[in-house]
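Novice: To be precise about what I am sending: the file is called data.txt and holds compact mmCIF, C-alpha atoms.
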# COMPACT_ATOMS: atom_id res chain seq x y z
CA MET R 120 204.15 56.09 -70.44
CA ARG R 121 204.26 59.31 -68.45
CA LEU R 122 206.26 59.75 -65.25
CA TYR R 123 205.26 62.38 -62.69
CA ASP R 124 208.62 63.09 -61.17
CA ASN R 125 211.06 65.44 -59.49
CA LEU R 126 214.67 65.58 -60.62
CA SER R 127 216.17 65.74 -57.13
CA SER R 128 214.10 62.80 -55.84
CA GLY R 129 215.89 59.48 -55.43
CA ASN R 130 212.49 57.77 -55.53
CA GLY R 131 211.86 59.35 -58.93
CA TYR R 132 215.39 58.49 -60.05
CA LYS R 133 214.80 54.78 -59.38
CA VAL R 134 212.06 54.77 -62.01
CA ARG R 135 213.90 57.02 -64.53
CA LEU R 136 216.98 54.80 -64.30
CA LEU R 137 215.09 51.55 -64.83
CA LEU R 138 212.98 52.94 -67.69
CA ARG R 139 216.22 53.97 -69.44
CA GLN R 140 217.97 50.67 -68.74
CA LEU R 141 214.93 48.88 -70.17
CA GLY R 142 214.90 51.19 -73.19
CA ILE R 143 211.29 52.28 -72.57
CA PRO R 144 210.51 55.79 -73.87
CA PHE R 145 208.53 58.03 -71.52
CA ASP R 146 207.37 61.60 -70.97
CA ARG R 147 208.55 63.21 -67.76
CA VAL R 148 206.47 65.80 -65.91
CA ASP R 149 208.56 67.58 -63.28
CA LEU R 150 206.63 68.72 -60.20
CA ASP R 151 207.93 71.26 -57.69
CA ILE R 152 207.18 69.29 -54.54
CA THR R 153 208.42 72.12 -52.31
CA ARG R 154 205.61 74.28 -53.72
CA GLY R 155 202.91 71.67 -53.08
CA GLU R 156 202.52 70.57 -56.68
CA SER R 157 202.08 66.94 -55.57
CA ARG R 158 199.26 67.92 -53.18
CA THR R 159 196.86 69.67 -55.57
CA ALA R 160 193.35 68.25 -56.00
CA GLU R 161 194.29 67.32 -59.57
CA PHE R 162 197.39 65.41 -58.49
CA LEU R 163 195.58 63.65 -55.63
CA GLU R 164 193.38 62.06 -58.29
CA ARG R 165 196.57 60.38 -59.55
CA ASN R 166 198.04 59.53 -56.15
CA PRO R 167 195.78 60.08 -53.11
CA ASN R 168 198.93 59.95 -50.97
CA GLY R 169 200.25 63.13 -52.67
CA ARG R 170 203.73 61.94 -53.59
CA ILE R 171 205.89 61.45 -56.65
CA PRO R 172 206.83 59.31 -58.52
CA VAL R 173 203.60 58.28 -60.21
CA LEU R 174 203.66 56.28 -63.43
CA GLU R 175 200.78 56.78 -65.85
CA LEU R 176 200.43 53.58 -67.82
CA ASP R 177 199.37 53.45 -71.47
CA SER R 178 195.95 52.29 -70.21
CA GLY R 179 195.57 55.60 -68.33
CA ALA R 180 195.93 53.92 -64.91
CA PHE R 181 198.19 55.55 -62.33
CA LEU R 182 200.66 53.48 -60.32
CA TRP R 183 202.46 54.97 -57.30
CA GLU R 184 205.09 53.96 -54.73
CA SER R 185 208.51 53.91 -56.39
CA ASN R 186 209.33 50.31 -55.50
CA ALA R 187 205.95 49.00 -56.71
CA ILE R 188 206.61 50.82 -60.00
CA LEU R 189 210.05 49.14 -60.21
CA TYR R 190 208.34 45.77 -59.73
CA TYR R 191 205.78 46.57 -62.44
CA LEU R 192 208.48 47.50 -64.93
CA ALA R 193 210.98 44.76 -64.03
CA ASP R 194 208.67 41.75 -63.73
CA SER R 195 209.58 39.19 -66.41
CA THR R 196 212.84 41.02 -67.24
CA ALA R 197 216.45 40.37 -66.22
CA PHE R 198 216.09 43.12 -63.58
CA PHE R 199 213.92 40.92 -61.34
CA PRO R 200 214.96 37.42 -60.22
CA LYS R 201 213.16 34.32 -61.40
CA SER R 202 212.94 32.04 -58.35
CA ARG R 203 210.31 32.52 -55.67
CA VAL R 204 212.88 32.89 -52.90
CA ALA R 205 215.02 35.36 -54.86
CA ARG R 206 211.98 37.41 -55.88
CA SER R 207 210.94 37.63 -52.24
CA ARG R 208 214.50 38.46 -51.25
CA ALA R 209 214.55 41.38 -53.72
CA LEU R 210 211.33 42.69 -52.19
CA GLN R 211 212.79 42.14 -48.70
CA TRP R 212 215.61 44.59 -49.51
CA MET R 213 213.15 47.00 -51.14
CA PHE R 214 210.93 47.04 -48.04
CA PHE R 215 214.10 47.49 -45.96
CA GLU R 216 214.94 50.47 -48.16
CA GLN R 217 211.59 52.16 -47.61
CA TYR R 218 211.34 51.42 -43.88
CA SER R 219 214.90 51.51 -42.52
CA HIS R 220 216.89 53.57 -45.04
CA GLU R 221 214.87 56.19 -46.93
CA PRO R 222 213.22 57.84 -43.86
CA TYR R 223 216.68 58.58 -42.49
CA ILE R 224 219.11 58.99 -45.37
CA ALA R 225 216.75 60.58 -47.89
CA VAL R 226 214.85 62.74 -45.44
CA VAL R 227 217.98 64.32 -43.92
CA ARG R 228 219.27 65.08 -47.43
CA HIS R 229 215.90 66.62 -48.34
CA TRP R 230 215.90 68.84 -45.26
CA ILE R 231 219.42 70.07 -46.00
CA HIS R 232 218.59 70.59 -49.72
CA THR R 233 215.49 72.60 -49.03
CA GLY R 234 216.75 74.62 -46.07
CA LEU R 235 214.46 72.83 -43.63
CA SER R 236 217.30 71.64 -41.40
CA ALA R 237 217.49 74.68 -39.09
CA GLY R 238 215.96 73.92 -35.70
CA ARG R 239 215.93 70.18 -36.38
CA GLU R 240 219.44 69.42 -35.13
CA ALA R 241 218.36 66.80 -32.57
CA GLU R 242 216.09 65.06 -35.05
CA ILE R 243 218.81 65.10 -37.69
CA GLU R 244 221.24 63.51 -35.24
CA GLU R 245 218.69 60.78 -34.42
CA ARG R 246 217.97 60.16 -38.11
CA ARG R 247 221.70 60.10 -38.94
CA SER R 248 222.17 57.40 -36.31
CA ARG R 249 219.40 55.28 -37.84
CA GLY R 250 220.75 55.94 -41.33
CA HIS R 251 224.13 54.64 -40.24
CA ALA R 252 222.44 51.53 -38.84
CA ALA R 253 220.96 50.89 -42.31
CA LEU R 254 224.34 51.47 -43.96
CA GLY R 255 225.82 48.95 -41.51
CA VAL R 256 223.29 46.33 -42.60
CA MET R 257 224.16 47.00 -46.26
CA GLN R 258 227.93 46.87 -45.57
CA ARG R 259 227.54 43.54 -43.78
CA HIS R 260 225.70 42.04 -46.74
CA LEU R 261 227.94 43.54 -49.43
CA ALA R 262 231.13 42.43 -47.67
CA ASP R 263 230.58 39.01 -49.25
CA HIS R 264 228.07 39.63 -52.04
CA GLU R 265 228.46 41.55 -55.30
CA TYR R 266 224.81 42.65 -55.37
CA PHE R 267 221.82 42.36 -53.06
CA VAL R 268 220.21 39.27 -54.58
CA ASP R 269 221.79 36.26 -56.29
CA ASP R 270 225.01 38.25 -56.95
CA ARG R 271 223.32 39.88 -59.91
CA TYR R 272 222.12 43.45 -60.58
CA SER R 273 218.38 43.82 -59.94
CA ILE R 274 215.77 46.36 -58.86
CA ALA R 275 216.86 45.74 -55.26
CA ASP R 276 220.18 47.40 -56.20
CA ILE R 277 218.40 50.24 -58.01
CA ALA R 278 216.16 50.87 -54.98
CA LEU R 279 219.11 51.03 -52.58
CA TYR R 280 221.47 52.88 -54.92
CA ALA R 281 219.11 55.83 -55.40
CA TYR R 282 219.63 57.46 -52.00
CA THR R 283 222.87 55.74 -50.95
CA HIS R 284 224.89 57.32 -53.75
CA VAL R 285 223.80 60.81 -52.65
CA ALA R 286 223.93 60.10 -48.90
CA HIS R 287 226.89 62.49 -48.57
CA GLU R 288 224.51 65.32 -49.52
CA GLY R 289 222.79 64.58 -46.20
CA GLY R 290 226.09 64.62 -44.34
CA PHE R 291 226.62 60.85 -44.28
CA ASP R 292 230.29 59.87 -44.51
CA LEU R 293 230.50 56.56 -46.38
CA SER R 294 234.23 56.06 -45.87
CA GLY R 295 233.56 53.56 -43.08
CA TYR R 296 231.61 51.31 -45.48
CA PRO R 297 234.17 50.11 -48.05
CA ALA R 298 231.97 47.36 -49.51
CA ILE R 299 229.24 49.92 -50.18
CA GLY R 300 231.78 52.05 -52.09
CA VAL R 301 232.76 49.11 -54.29
CA TRP R 302 229.09 48.24 -54.90
CA LEU R 303 228.22 51.86 -55.83
CA ASP R 304 230.93 51.69 -58.53
CA ARG R 305 229.59 48.33 -59.69
CA VAL R 306 226.08 49.80 -60.09
CA ARG R 307 227.45 52.89 -61.87
CA THR R 308 229.09 50.75 -64.56
CA GLN R 309 225.91 48.86 -65.47
CA PRO R 310 224.89 49.23 -69.15
CA GLY R 311 222.62 52.22 -69.68
CA HIS R 312 223.35 53.79 -66.30
CA THR R 313 222.37 57.47 -66.11
CA PRO R 314 223.01 59.98 -63.30
CA ILE R 315 220.28 61.26 -60.97
CA ASP R 316 220.23 64.74 -62.54
CA GLU R 317 219.67 63.62 -66.14
CA PRO R 318 216.22 64.95 -66.98
CA MET V 42 208.58 26.50 -41.34
CA ARG V 43 209.52 28.41 -38.23
CA LEU V 44 208.35 31.97 -37.51
CA TYR V 45 210.37 34.26 -35.22
CA ASP V 46 207.61 36.42 -33.92
CA ASN V 47 206.11 38.55 -31.17
CA LEU V 48 202.47 38.20 -30.26
CA SER V 49 201.77 41.93 -29.93
CA SER V 50 203.41 42.78 -33.27
CA GLY V 51 201.11 43.56 -36.17
CA ASN V 52 203.96 42.78 -38.53
CA GLY V 53 204.20 39.30 -36.99
CA TYR V 54 200.42 38.96 -37.08
CA LYS V 55 200.36 39.52 -40.85
CA VAL V 56 202.43 36.38 -41.32
CA ARG V 57 200.64 34.28 -38.66
CA LEU V 58 197.28 35.16 -40.20
CA LEU V 59 198.30 34.28 -43.76
CA LEU V 60 200.02 31.03 -42.71
CA ARG V 61 196.78 29.98 -40.98
CA GLN V 62 194.57 31.05 -43.88
CA LEU V 63 196.81 29.05 -46.21
CA GLY V 64 196.69 26.05 -43.85
CA ILE V 65 200.50 25.91 -43.54
CA PRO V 66 201.70 24.45 -40.21
CA PHE V 67 204.54 26.32 -38.50
CA ASP V 68 206.51 26.59 -35.27
CA ARG V 69 206.34 29.95 -33.57
CA VAL V 70 209.26 31.32 -31.54
CA ASP V 71 208.17 34.33 -29.46
CA LEU V 72 210.87 36.92 -28.85
CA ASP V 73 210.66 39.62 -26.18
CA ILE V 74 211.63 42.56 -28.39
CA THR V 75 211.47 44.99 -25.44
CA ARG V 76 214.33 43.01 -23.85
CA GLY V 77 216.51 43.09 -26.97
CA GLU V 78 215.91 39.48 -28.00
CA SER V 79 215.81 40.52 -31.68
CA ARG V 80 219.19 42.26 -31.37
CA THR V 81 221.36 39.41 -30.07
CA ALA V 82 224.35 38.28 -32.15
CA GLU V 83 222.53 34.98 -32.76
CA PHE V 84 219.38 36.70 -34.03
CA LEU V 85 221.34 39.15 -36.21
CA GLU V 86 222.58 36.10 -38.13
CA ARG V 87 218.93 35.55 -39.07
CA ASN V 88 218.04 39.18 -39.72
CA PRO V 89 220.93 41.68 -39.75
CA ASN V 90 218.31 44.43 -39.31
CA GLY V 91 217.36 43.01 -35.89
CA ARG V 92 213.60 42.83 -36.31
CA ILE V 93 210.82 40.29 -36.23
CA PRO V 94 209.09 38.67 -38.06
CA VAL V 95 211.63 36.35 -39.67
CA LEU V 96 210.48 33.23 -41.49
CA GLU V 97 212.85 30.27 -41.51
CA LEU V 98 212.13 28.30 -44.64
CA ASP V 99 212.38 24.51 -44.84
CA SER V 100 215.67 25.05 -46.73
CA GLY V 101 217.09 26.77 -43.63
CA ALA V 102 217.10 30.20 -45.33
CA PHE V 103 215.80 33.18 -43.36
CA LEU V 104 213.43 35.68 -44.95
CA TRP V 105 212.64 38.99 -43.23
CA GLU V 106 210.43 42.07 -43.80
CA SER V 107 206.81 41.15 -43.09
CA ASN V 108 205.46 42.22 -46.46
CA ALA V 109 208.18 40.34 -48.39
CA ILE V 110 207.25 37.24 -46.36
CA LEU V 111 203.58 37.77 -47.30
CA TYR V 112 204.62 37.91 -50.96
CA TYR V 113 206.67 34.72 -50.60
CA LEU V 114 203.77 32.84 -49.04
CA ALA V 115 201.00 34.26 -51.25
CA ASP V 116 202.66 34.10 -54.67
CA SER V 117 200.70 31.68 -56.90
CA THR V 118 197.80 31.52 -54.42
CA ALA V 119 194.42 33.26 -54.36
CA PHE V 120 195.85 35.76 -51.84
CA PHE V 121 197.94 37.53 -54.51
CA PRO V 122 196.45 38.86 -57.75
CA LYS V 123 197.28 37.35 -61.12
CA SER V 124 197.64 40.30 -63.51
CA ARG V 125 200.81 42.37 -63.67
CA VAL V 126 198.98 45.62 -62.89
CA ALA V 127 197.07 44.12 -59.97
CA ARG V 128 200.19 42.48 -58.53
CA SER V 129 201.97 45.83 -58.67
CA ARG V 130 198.92 47.52 -57.15
CA ALA V 131 198.99 45.09 -54.20
CA LEU V 132 202.65 45.92 -53.64
CA GLN V 133 201.85 49.63 -53.98
CA TRP V 134 199.49 49.40 -51.01
CA MET V 135 202.01 47.28 -49.08
CA PHE V 136 204.76 49.88 -49.60
CA PHE V 137 202.25 52.55 -48.59
CA GLU V 138 201.62 50.55 -45.41
CA GLN V 139 205.30 50.39 -44.47
CA TYR V 140 206.13 53.99 -45.39
CA SER V 141 203.03 56.06 -44.64
CA HIS V 142 201.02 53.98 -42.12
CA GLU V 143 203.14 51.71 -39.88
CA PRO V 144 205.67 54.36 -38.73
CA TYR V 145 202.79 56.40 -37.34
CA ILE V 146 199.96 54.08 -36.35
CA ALA V 147 202.05 51.11 -35.19
CA VAL V 148 204.81 53.11 -33.55
CA VAL V 149 202.45 55.24 -31.43
CA ARG V 150 200.66 52.04 -30.30
CA HIS V 151 204.01 50.45 -29.44
CA TRP V 152 205.09 53.45 -27.38
CA ILE V 153 201.81 53.43 -25.43
CA HIS V 154 201.95 49.63 -24.95
CA THR V 155 205.50 49.65 -23.65
CA GLY V 156 205.30 52.79 -21.51
CA LEU V 157 207.63 54.73 -23.81
CA SER V 158 205.12 57.50 -24.48
CA ALA V 159 206.04 59.79 -21.55
CA GLY V 160 208.02 62.80 -22.73
CA ARG V 161 207.15 62.16 -26.36
CA GLU V 162 203.88 64.11 -26.45
CA ALA V 163 204.91 66.42 -29.32
CA GLU V 164 206.22 63.54 -31.40
CA ILE V 165 203.08 61.50 -30.70
CA GLU V 166 200.92 64.40 -31.86
CA GLU V 167 202.97 64.70 -35.07
CA ARG V 168 202.76 60.95 -35.70
CA ARG V 169 199.02 60.90 -34.96
CA SER V 170 198.56 63.59 -37.60
CA ARG V 171 200.45 61.54 -40.19
CA GLY V 172 198.59 58.40 -39.14
CA HIS V 173 195.30 60.17 -39.76
CA ALA V 174 196.56 61.20 -43.20
CA ALA V 175 197.15 57.52 -44.00
CA LEU V 176 193.69 56.60 -42.69
CA GLY V 177 192.27 59.32 -44.93
CA VAL V 178 193.91 57.74 -47.98
CA MET V 179 192.47 54.35 -47.02
CA GLN V 180 188.99 55.79 -46.40
CA ARG V 181 189.03 57.50 -49.79
CA HIS V 182 189.88 54.22 -51.53
CA LEU V 183 187.50 52.04 -49.51
CA ALA V 184 184.59 54.44 -50.01
CA ASP V 185 184.09 52.81 -53.42
CA HIS V 186 186.04 49.55 -53.23
CA GLU V 187 185.39 46.42 -51.15
CA TYR V 188 189.09 45.59 -50.82
CA PHE V 189 192.37 47.24 -51.79
CA VAL V 190 192.97 45.44 -55.09
CA ASP V 191 190.48 44.11 -57.65
CA ASP V 192 187.69 44.10 -55.04
CA ARG V 193 189.03 40.84 -53.67
CA TYR V 194 190.77 39.94 -50.39
CA SER V 195 194.58 39.79 -50.82
CA ILE V 196 197.81 40.28 -48.90
CA ALA V 197 197.36 44.03 -49.41
CA ASP V 198 194.34 43.80 -47.08
CA ILE V 199 196.25 41.63 -44.59
CA ALA V 200 199.15 44.13 -44.55
CA LEU V 201 196.84 47.08 -43.89
CA TYR V 202 194.49 45.27 -41.51
CA ALA V 203 197.27 44.30 -39.09
CA TYR V 204 197.79 47.71 -37.51
CA THR V 205 194.56 49.42 -38.57
CA HIS V 206 192.36 47.08 -36.51
CA VAL V 207 194.35 47.92 -33.36
CA ALA V 208 194.85 51.62 -34.17
CA HIS V 209 192.56 52.53 -31.23
CA GLU V 210 195.25 51.10 -28.92
CA GLY V 211 197.42 53.99 -30.11
CA GLY V 212 194.65 56.49 -29.46
CA PHE V 213 193.37 56.69 -33.04
CA ASP V 214 189.63 57.22 -33.24
CA LEU V 215 188.35 55.46 -36.38
CA SER V 216 184.78 56.74 -36.12
CA GLY V 217 185.50 59.35 -38.80
CA TYR V 218 186.39 56.62 -41.32
CA PRO V 219 183.18 54.64 -41.88
CA ALA V 220 184.41 52.78 -44.96
CA ILE V 221 187.42 51.54 -42.98
CA GLY V 222 185.05 50.17 -40.32
CA VAL V 223 183.05 48.24 -42.93
CA TRP V 224 186.25 46.90 -44.50
CA LEU V 225 187.63 45.79 -41.11
CA ASP V 226 184.46 43.71 -40.63
CA ARG V 227 184.81 42.30 -44.14
CA VAL V 228 188.39 41.19 -43.40
CA ARG V 229 187.35 39.72 -40.03
CA THR V 230 184.80 37.45 -41.69
CA GLN V 231 187.27 35.89 -44.16
CA PRO V 232 187.56 32.09 -43.88
CA GLY V 233 190.24 31.07 -41.39
CA HIS V 234 190.56 34.52 -39.83
CA THR V 235 192.28 34.48 -36.43
CA PRO V 236 192.77 37.34 -33.94
CA ILE V 237 196.11 39.04 -33.33
CA ASP V 238 196.56 37.47 -29.87
CA GLU V 239 196.13 33.85 -30.96
CA PRO V 240 199.55 32.27 -30.34
Written as structure tokens, how would this file's structure read?
Specialist:
Amino acid sequence: MRLYDNLSSGNGYKVRLLLRQLGIPFDRVDLDITRGESRTAEFLERNPNGRIPVLELDSGAFLWESNAILYYLADSTAFFPKSRVARSRALQWMFFEQYSHEPYIAVVRHWIHTGLSAGREAEIEERRSRGHAALGVMQRHLADHEYFVDDRYSIADIALYAYTHVAHEGGFDLSGYPAIGVWLDRVRTQPGHTPIDEP
Amino acid sequence: MRLYDNLSSGNGYKVRLLLRQLGIPFDRVDLDITRGESRTAEFLERNPNGRIPVLELDSGAFLWESNAILYYLADSTAFFPKSRVARSRALQWMFFEQYSHEPYIAVVRHWIHTGLSAGREAEIEERRSRGHAALGVMQRHLADHEYFVDDRYSIADIALYAYTHVAHEGGFDLSGYPAIGVWLDRVRTQPGHTPIDEP
């Protein structure tokens, strides 16, 4: 398989991490998204929405949306629950991640990383507030659960770990969320865990 | 089953529509989200993220995130594809809907509906631009496909239909997207189709 990726992207990291934990070999093509490399005509043939990650399957098909790729890779493995309710619950947290978490926590980090934060102070404050709301929802759940679904590590944890563990790079102070801190450590000690910047 | 819902919500409509197309009877509890009824302490016990729709299962468990509820209801039915690639592709379009479509097309409609648009002209213009980008991605796909996955009606179509068919209420002109217009008619003529405002 081939992964179109960017090393600083948490969305890309989700897929890299799961591929490694599953022991699946892959080629990685790093795109400079700040220079428009995910918006070229060639790349839009792979993902018409112009974003990484994109997974090129052995069949030559291209699959996009990080959490859909996680589902593709994890289905029928120990990384995705078996029961209908638990499977839906994993997706529930993954949709939560894309709707209520990533647009705030990841986007603020991206702006700060890429020097796009100047002049956006009010918007950053608004997004920080919504990011903290998402962290509050996670803290509430993790206060009495070891993981997001069935007290067992799954792709729901991978999806939420990706940007939570680097939230401080967007100026989010996690010290008020002790259960999140414990859970981050729990995810970090999973077999085969690799850091976000491992190419 | 019991659905915590709001009649003007496209996210609620997704679930209502699929429940009816599956022939599953349900109770519907309508919440006035503009008056904070999805943010009460009682409701946060059902969904800590404070949003509708929430589906209360016969077991008493609460499932939230509209597209995760669609997955729960559609799994093992004709509304969700069978093959691993096609299942992942359906989820790909559903994550696209929540990340690249709903925050722009649904949110602008909501602001206009609820009188929150005054003073937000610049943000509405920005969100309209991103909404049109999402419509462009849909048009490109639908120009040579009847539906989003495997040329067959699925929950990916339901997820994208919900806010696309009322996009004009947010000031989006769909006349530049002819393939979307044809697809909207195709979805509307599915057996058991009901309109968004059917309680």
Novice: Using only C-alpha atoms, I'd like every residue of chain R that has an atom within 8 Å of chain V; please write them out as a PyMOL selection string.
Specialist: chain R and resi 167-168+182-184+186-188+190-191+194+203-204+206-208+210-211+214-215+217-218+253+256+259
Novice: Would you output that residue set with C-alpha atoms, as a PDB file, in the frame of the given file?
Specialist:
ATOM      1  CA  PRO R 167     195.780  60.080 -53.110  1.00  0.00           C
ATOM      2  CA  ASN R 168     198.930  59.950 -50.970  1.00  0.00           C
ATOM      3  CA  LEU R 182     200.660  53.480 -60.320  1.00  0.00           C
ATOM      4  CA  TRP R 183     202.460  54.970 -57.300  1.00  0.00           C
ATOM      5  CA  GLU R 184     205.090  53.960 -54.730  1.00  0.00           C
ATOM      6  CA  ASN R 186     209.330  50.310 -55.500  1.00  0.00           C
ATOM      7  CA  ALA R 187     205.950  49.000 -56.710  1.00  0.00           C
ATOM      8  CA  ILE R 188     206.610  50.820 -60.000  1.00  0.00           C
ATOM      9  CA  TYR R 190     208.340  45.770 -59.730  1.00  0.00           C
ATOM     10  CA  TYR R 191     205.780  46.570 -62.440  1.00  0.00           C
ATOM     11  CA  ASP R 194     208.670  41.750 -63.730  1.00  0.00           C
ATOM     12  CA  ARG R 203     210.310  32.520 -55.670  1.00  0.00           C
ATOM     13  CA  VAL R 204     212.880  32.890 -52.900  1.00  0.00           C
ATOM     14  CA  ARG R 206     211.980  37.410 -55.880  1.00  0.00           C
ATOM     15  CA  SER R 207     210.940  37.630 -52.240  1.00  0.00           C
ATOM     16  CA  ARG R 208     214.500  38.460 -51.250  1.00  0.00           C
ATOM     17  CA  LEU R 210     211.330  42.690 -52.190  1.00  0.00           C
ATOM     18  CA  GLN R 211     212.790  42.140 -48.700  1.00  0.00           C
ATOM     19  CA  PHE R 214     210.930  47.040 -48.040  1.00  0.00           C
ATOM     20  CA  PHE R 215     214.100  47.490 -45.960  1.00  0.00           C
ATOM     21  CA  GLN R 217     211.590  52.160 -47.610  1.00  0.00           C
ATOM     22  CA  TYR R 218     211.340  51.420 -43.880  1.00  0.00           C
ATOM     23  CA  ALA R 253     220.960  50.890 -42.310  1.00  0.00           C
ATOM     24  CA  VAL R 256     223.290  46.330 -42.600  1.00  0.00           C
ATOM     25  CA  ARG R 259     227.540  43.540 -43.780  1.00  0.00           C
TER      26      ARG R 259
END
Novice: Quick check, in Å to one decimal: how far apart do atom CA of Lys201 of chain R and atom CA of Asp270 of chain R lie?
Specialist: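 Those two atoms sit 13.3 Å apart.
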Novice: Could you jot down the atom CA of Val268 of chain R to atom CA of Phe199 of chain R separation for me, Å, one decimal place?
Specialist: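 Computed distance, atom CA of Val268 of chain R to atom CA of Phe199 of chain R, equals 9.4 Å.
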Novice: Excluding same-chain residues fewer than 4 positions from segment 287-297 of chain R, what lies within 7 Å of it counting only C-alpha atoms, as a PyMOL selection string?
Specialist: chain R and resi 224+227-228+231+258+301
Novice: Could you work out how far atom CA of Asn47 of chain V lies from atom CA of Gly77 of chain V, giving the answer in Å with one decimal?
Specialist: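 Computing the Euclidean distance for atom CA of Gly77 of chain V and atom CA of Asn47 of chain V yields 12.1 Å.
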Novice: Counting all atoms listed in the file, which residues have an atom no more than 10 Å from (190.5, 44.7, -43.6) in the file's coordinates? Please list them as number ranges by chain.
Specialist: V: 183, 187-189, 194-195, 197-206, 221-231
